[in-house]
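Heads up: the structure comes next, in structure tokens.
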Amino acid sequence: MQYLWTQGVDMPRFPSLEGDCQTDVLVIGGGMAGILCAHMLQEAGADYLLVEGERIGGGVTKGTTAVLTAQHDTLYADLIQKFGRQTAKGYLDANLWAVEHFRHMARFFACDLEDKPSVMYTQHNPKRLEEEARAVQSLGFEAAFESKTPLPFEVAGAVIYPAMAQFHPLKLMAGVSRRLHIREKTFVRRLEGTRAYTDKGIIRANKVIVATHFPFVNRHGGYYMKLFQMRSFVLALEGAPDIGCTAVDSGENGFYLRNYGGLLLVGGGDQRTGKIKQGYGFEAVRAFVRDCFPGALEKMAWATQDCISLDGVPYIGPYSPAMPGVYVASGFNEWGMTSSMVAARMLTDMAMGKPSPFAGVFSPQRSMLRTQLFVNLGATVANFAIPTPRRCPHLGCALRWNKAEHSWDCPCHGSRFDENGRLVDNPAMRDSHV
């Protein structure tokens, strides 16, 4: 696969950890969430260290489409119904702040940030989006319902957020990270309290932020029940129009679009990691492109992976009551950029002993009693019964061969391994071998 964001970007490199060390705050994970946490900790004058098992920006961040919007798949009408108006407004305010803070950072770190309206559209019944526009307006933001959009195909209706944005994620990370305290090729094997064990030394910290995409400590927090992973598939097209916005279909299996550098990015075909289905994946995205952009040429194709929470809201805050001083950011539900910024603000405040205004909205300790919990548990139990020698070292689930991407994938929690069993995506902590 060829990733657009890695083209022509000179990511800084950092040495690996050699021997034991001590810090006040340890950040584990060098994706967007971890880098932004380190950046804000440095701005706050904290004593911190970020460690990354491979290279910064080399995980799921390089596969994002890097849209900056508070208009997420989690509809605000649904949030109001599930959690109440105060929580829904907190979610909206947090993500609106995140967009503005990316805009602020773009003044100091070149990242090709462009202001774009954000469009959520439907090609079917517009009633739900009409209700959504009213719900967002009731929370104090002037979203608008429209029957016409900048998109080059007909829609039944859309909710439009003005003054959202898009950017180049690795350019921002490259600029920000050059001045940060980072150790690469430093894989944390386990945590004991706030003490982290790597292959080359022990890191003694007072607080730990786990920003590893999928949380890797299984004995506390229940994240192996609260999360599953989805793969999403992106094509970069030449000869397609500039749509003048960022866009996402409100349907369960809808597509999303944005432009960059003369290319149109079209993504979708989402499927649970390890659940290979006919008509999903790249096949679905290519079929959509043939229908809507018949003259376009495919220049690049890649897949990315996201952690999905039980209720559509990320888990940001204390890892578990049994792990004092340890914090987590996960379950970004395919909206990793603004969620990463929200997480950085919240976890920096918490690590510095300050209250966070959004703590109640994103609390990892909120109720797990959601339908998705039983779906996750059912998938895991069913998978354990599959008689195959190729097992995931995370919790022992059967791995499935993904012939489209030449990888062994775990349908329980989303770990992935190359054809030789080398670890590609966590939560597994080691390679898989027959």
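Ligands are numbered from 1 in the order shown, chains are lettered A, B, ... in the order of the structure tokens, and residues start at 1 in each chain.
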* To do: Just the residues within 6 Å of region 51-67 of chain A, please, counting only C-alpha atoms, with nothing from its chain fewer than 2 positions along; format it as number ranges by chain.
  => A: 28-31, 166-167, 182-187, 304
Take the residues just selected and output them with N, CA and C atoms as a short mmCIF file (atom, residue, chain, number, x, y, z; two decimals), in the first residue's frame.
```
data_model
loop_
_atom_site.label_atom_id
_atom_site.label_comp_id
_atom_site.auth_asym_id
_atom_site.auth_seq_id
_atom_site.Cartn_x
_atom_site.Cartn_y
_atom_site.Cartn_z
N ILE A 28 3.11 6.94 26.22
CA ILE A 28 3.41 5.74 25.44
C ILE A 28 2.61 5.80 24.15
N GLY A 29 3.32 5.90 23.02
CA GLY A 29 2.67 5.94 21.71
C GLY A 29 2.99 7.22 20.97
N GLY A 30 3.50 7.07 19.74
CA GLY A 30 3.92 8.23 18.95
C GLY A 30 3.04 8.51 17.76
N GLY A 31 1.73 8.27 17.89
CA GLY A 31 0.79 8.74 16.88
C GLY A 31 0.37 10.16 17.18
N GLN A 166 -9.24 20.99 7.01
CA GLN A 166 -8.49 19.78 6.69
C GLN A 166 -7.01 20.15 6.70
N PHE A 167 -6.12 19.14 6.83
CA PHE A 167 -4.70 19.46 6.93
C PHE A 167 -3.87 18.24 6.54
N ILE A 182 11.68 12.55 22.89
CA ILE A 182 11.13 11.32 22.32
C ILE A 182 12.21 10.25 22.25
N ARG A 183 11.80 9.01 22.49
CA ARG A 183 12.65 7.85 22.24
C ARG A 183 11.88 6.89 21.34
N GLU A 184 12.45 6.61 20.17
CA GLU A 184 11.83 5.67 19.24
C GLU A 184 12.44 4.28 19.43
N LYS A 185 11.83 3.29 18.72
CA LYS A 185 12.30 1.89 18.86
C LYS A 185 12.40 1.50 20.33
N THR A 186 11.42 1.95 21.10
CA THR A 186 11.40 1.68 22.54
C THR A 186 10.02 1.14 22.88
N PHE A 187 9.88 -0.16 22.82
CA PHE A 187 8.59 -0.84 22.96
C PHE A 187 8.34 -1.16 24.43
N THR A 304 -6.74 1.82 6.55
CA THR A 304 -6.42 2.28 7.89
C THR A 304 -7.31 1.57 8.89
#
```
If you count only C-alpha atoms, which residues fall within 7 Å of Gly414 (chain A), apart from same-chain ones fewer than 3 positions away, as a JSON list (two decimals) with all heavy atoms, in the first residue's frame?
```
[["chain", "number", "residue", "atom", "x", "y", "z"],
["A", 228, "PHE", "N", -13.68, -2.60, 19.64],
["A", 228, "PHE", "CA", -13.29, -3.45, 18.53],
["A", 228, "PHE", "C", -12.69, -2.54, 17.47],
["A", 228, "PHE", "O", -12.71, -1.32, 17.61],
["A", 228, "PHE", "CB", -14.48, -4.28, 17.99],
["A", 228, "PHE", "CG", -15.51, -3.48, 17.24],
["A", 228, "PHE", "CD1", -15.49, -3.43, 15.85],
["A", 228, "PHE", "CD2", -16.52, -2.80, 17.91],
["A", 228, "PHE", "CE1", -16.46, -2.71, 15.15],
["A", 228, "PHE", "CE2", -17.48, -2.08, 17.22],
["A", 228, "PHE", "CZ", -17.45, -2.04, 15.83],
["A", 229, "GLN", "N", -12.12, -3.15, 16.40],
["A", 229, "GLN", "CA", -11.46, -2.33, 15.39],
["A", 229, "GLN", "C", -12.09, -2.52, 14.03],
["A", 229, "GLN", "O", -12.53, -3.61, 13.66],
["A", 229, "GLN", "CB", -9.97, -2.66, 15.34],
["A", 229, "GLN", "CG", -9.26, -2.35, 16.67],
["A", 229, "GLN", "CD", -7.79, -2.12, 16.52],
["A", 229, "GLN", "OE1", -7.35, -1.22, 15.80],
["A", 229, "GLN", "NE2", -6.99, -2.92, 17.21],
["A", 273, "THR", "N", -12.28, -5.54, 11.48],
["A", 273, "THR", "CA", -11.01, -6.19, 11.21],
["A", 273, "THR", "C", -11.15, -7.70, 11.38],
["A", 273, "THR", "O", -11.66, -8.17, 12.39],
["A", 273, "THR", "CB", -9.92, -5.66, 12.14],
["A", 273, "THR", "OG1", -9.83, -4.24, 12.01],
["A", 273, "THR", "CG2", -8.56, -6.28, 11.83],
["A", 274, "GLY", "N", -10.70, -8.44, 10.38],
["A", 274, "GLY", "CA", -10.78, -9.89, 10.43],
["A", 274, "GLY", "C", -12.06, -10.48, 9.88],
["A", 274, "GLY", "O", -12.18, -11.69, 9.70],
["A", 409, "ASP", "N", -5.27, -11.39, 10.40],
["A", 409, "ASP", "CA", -6.03, -10.41, 11.17],
["A", 409, "ASP", "C", -6.84, -11.11, 12.27],
["A", 409, "ASP", "O", -7.37, -12.21, 12.06],
["A", 409, "ASP", "CB", -7.00, -9.65, 10.27],
["A", 409, "ASP", "CG", -6.29, -8.85, 9.17],
["A", 409, "ASP", "OD1", -5.04, -8.79, 9.21],
["A", 409, "ASP", "OD2", -6.98, -8.31, 8.30],
["A", 410, "CYS", "N", -6.96, -10.43, 13.41],
["A", 410, "CYS", "CA", -7.76, -10.95, 14.53],
["A", 410, "CYS", "C", -9.13, -10.28, 14.53],
["A", 410, "CYS", "O", -9.22, -9.06, 14.72],
["A", 410, "CYS", "CB", -7.06, -10.69, 15.85],
["A", 410, "CYS", "SG", -8.04, -11.20, 17.29],
["A", 411, "PRO", "N", -10.22, -11.05, 14.35],
["A", 411, "PRO", "CA", -11.56, -10.46, 14.33],
["A", 411, "PRO", "C", -12.08, -10.10, 15.71],
["A", 411, "PRO", "O", -13.13, -9.47, 15.82],
["A", 411, "PRO", "CB", -12.42, -11.54, 13.68],
["A", 411, "PRO", "CG", -11.71, -12.80, 13.97],
["A", 411, "PRO", "CD", -10.25, -12.48, 14.01]]
```
* To do: For Val208 (chain A), please output as a ChimeraX atom specification all residues within 8 Å (counting only C-alpha atoms; exclusion window: fewer than 5 positions along the same chain).
  => /A:25-28,194,325-327
Take the selection from the previous step and output its residues with C-alpha atoms, as an mmCIF file, in the first residue's frame.
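Final output, selection32.cif:
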```cif
data_model
loop_
_atom_site.group_PDB
_atom_site.id
_atom_site.type_symbol
_atom_site.label_atom_id
_atom_site.label_comp_id
_atom_site.auth_asym_id
_atom_site.auth_seq_id
_atom_site.Cartn_x
_atom_site.Cartn_y
_atom_site.Cartn_z
ATOM 1 C CA VAL A 25 4.900 11.950 32.918
ATOM 2 C CA LEU A 26 5.480 9.084 30.499
ATOM 3 C CA VAL A 27 3.561 9.120 27.190
ATOM 4 C CA ILE A 28 3.405 5.739 25.444
ATOM 5 C CA THR A 194 3.466 3.639 36.736
ATOM 6 C CA GLY A 325 -1.869 7.761 37.846
ATOM 7 C CA VAL A 326 -2.436 5.973 34.520
ATOM 8 C CA TYR A 327 -4.549 7.591 31.774
#
```
* Find the residues near Glu130 (chain A): any atom within 9 Å, counting only C-alpha atoms, skip ones fewer than 3 places away on the same chain, and give them as a PyMOL selection string. => chain A and resi 126-127+133-135+144-146+157-159
Restricting the output to N, CA and C atoms, write the selected residues as a PDB file, in the first residue's frame.
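In the end it all went to out-v7.pdb:
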```pdb
ATOM      1  N   PRO A 126     -34.172  12.235   4.007  1.00  0.00           N
ATOM      2  CA  PRO A 126     -33.472  13.334   4.691  1.00  0.00           C
ATOM      3  C   PRO A 126     -33.992  13.646   6.094  1.00  0.00           C
ATOM      4  N   LYS A 127     -35.040  12.957   6.541  1.00  0.00           N
ATOM      5  CA  LYS A 127     -35.675  13.333   7.804  1.00  0.00           C
ATOM      6  C   LYS A 127     -34.698  13.317   8.967  1.00  0.00           C
ATOM      7  N   ALA A 133     -29.871  18.680  12.233  1.00  0.00           N
ATOM      8  CA  ALA A 133     -29.609  20.116  12.146  1.00  0.00           C
ATOM      9  C   ALA A 133     -30.287  20.863  13.286  1.00  0.00           C
ATOM     10  N   ARG A 134     -31.521  20.505  13.573  1.00  0.00           N
ATOM     11  CA  ARG A 134     -32.231  21.159  14.685  1.00  0.00           C
ATOM     12  C   ARG A 134     -31.550  20.863  16.012  1.00  0.00           C
ATOM     13  N   ALA A 135     -31.071  19.624  16.200  1.00  0.00           N
ATOM     14  CA  ALA A 135     -30.410  19.249  17.452  1.00  0.00           C
ATOM     15  C   ALA A 135     -29.126  20.053  17.643  1.00  0.00           C
ATOM     16  N   ALA A 144     -26.536  23.992   9.308  1.00  0.00           N
ATOM     17  CA  ALA A 144     -27.663  24.261   8.418  1.00  0.00           C
ATOM     18  C   ALA A 144     -28.040  23.008   7.650  1.00  0.00           C
ATOM     19  N   PHE A 145     -29.326  22.782   7.509  1.00  0.00           N
ATOM     20  CA  PHE A 145     -29.802  21.714   6.644  1.00  0.00           C
ATOM     21  C   PHE A 145     -30.005  22.283   5.249  1.00  0.00           C
ATOM     22  N   GLU A 146     -29.442  21.596   4.241  1.00  0.00           N
ATOM     23  CA  GLU A 146     -29.543  22.061   2.863  1.00  0.00           C
ATOM     24  C   GLU A 146     -29.896  20.881   1.955  1.00  0.00           C
ATOM     25  N   GLY A 157     -30.424  15.383   1.038  1.00  0.00           N
ATOM     26  CA  GLY A 157     -30.303  16.426   2.044  1.00  0.00           C
ATOM     27  C   GLY A 157     -28.959  16.324   2.735  1.00  0.00           C
ATOM     28  N   ALA A 158     -28.564  17.403   3.435  1.00  0.00           N
ATOM     29  CA  ALA A 158     -27.265  17.422   4.100  1.00  0.00           C
ATOM     30  C   ALA A 158     -27.278  18.413   5.249  1.00  0.00           C
ATOM     31  N   VAL A 159     -26.455  18.122   6.254  1.00  0.00           N
ATOM     32  CA  VAL A 159     -26.180  19.074   7.331  1.00  0.00           C
ATOM     33  C   VAL A 159     -24.785  19.648   7.071  1.00  0.00           C
TER      34      VAL A 159
END
```
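Shortest separation to Thr23 (chain A) among A:His181, A:Arg204, A:His101, A:Arg430 occurs at residue A:Arg204, atoms counted being only C-alpha atoms.
All residues of protein, DNA or RNA that reach within 8 Å of Ala343 (chain A), judged by only C-alpha atoms and not counting those fewer than 4 positions away in the chain, are Ala33, Cys37, Ile316, Ala329, Ser339 and Leu347 of chain A.
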* To one decimal in Å, tell me the separation between CA of Trp335 (chain A) and CA of His406 (chain A). =>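 Between CA of Trp335 (chain A) and CA of His406 (chain A) the gap works out to 26.1 Å.
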